[in-house]
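Structure, as structure tokens:
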Amino acid sequence: MKVAPMSLFFATMAAHLQRHGSCRAFSALSTTAAAVTASSRATQQSSLLSPSNNGAPQSTARLYSRPSMVLSAAAAATAEAVEAEVVEELPTNDNDNDLLKLRHSSAHVMAMAVQEVFPEAQVTIGPWIENGFYYDFYFPETTDAETGETIPSRKLTDQDLKQVKKRMDKIIGKNYPIEREEVSREEAKRRIEDIGEPFKLEILDSIKTEPITIYSIGDEWWDLCAGPHVESTGQLPKKA
């Protein structure tokens, strides 16, 4: 039957669209394929049963007249279905403030966890980047309190990172409030000197505006920061 290639065309296209996830286009094309098949059969029957002017069956060339119109409708319907599909824009730091807060606050929680697990660690700079968050740390040489031996600068291992992750989960679970505070430059400098973190002094010197803003996690940890942040550590997903 000469309409088979056309039905096969629609069946092939429908299978292709189904495999590639275009559900609405697949649905439209499947419906159209069924319509083409039905129309083709009806046309064929009409052609075979209706005599021509000389009494012989009409030419089978007429079988393609009606399906061609359905084909045009199918193409239009498929194009419309594909065009109607909306491409969802993925969230970024620029277009999603909630995502930015999550990354920013997660970085602070990570820094707090590192300094709780390794008290000698000094925070340098962070915290969010295009696809996540980070913090730079400085690990100075330390002295063993019992032996007096010099302990070289630490290089974090996979096992160290597992400890940090466990501590982060604990901090998130405690649901500490994250609070913003405005202080004078002099007050910020005093607080930094009290905890002995010289890198924060460098960052303070680079800030040209006042007042100086500080974000703290409960009464446990703080850093110079302009924000934004979530309201508490409990709002952070542990898999962030």
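Just so we're on the same page: first chain in the structure tokens is A, next is B, and so on; residues restart at 1 for each chain, and ligands are numbered from 1 in the order they show up.
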Contacts of segment 120-137 of chain A within 10 Å, only C-alpha atoms, excl. fewer than 3 positions in-chain, as a ChimeraX atom specification: /A:92-94,99-108,110-112,114-117,140-142,153-154,195-203,223-225,240
Looking only at the backbone, which of the residues in segment 115-216 of chain A does DSSP tag as strand (DSSP E), as a VMD selection string? chain A and resid 122 to 123 128 to 129 132 to 133 137 to 138 142 to 143 150 to 151 178 to 183 212 to 216
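Distances to Arg185 of chain A were evaluated for A:Lys208, A:Lys155, A:Lys239, A:Lys162 using only C-alpha atoms, and the minimum falls at A:Lys208.
One finds atom CA of Ser232 of chain A at 4.9 Å from atom CA of Ile178 of chain A.
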Between atom CA of Val164 of chain A and atom CA of Ala113 of chain A, what is the distance in Å, rounded to a tenth? 5.7 Å
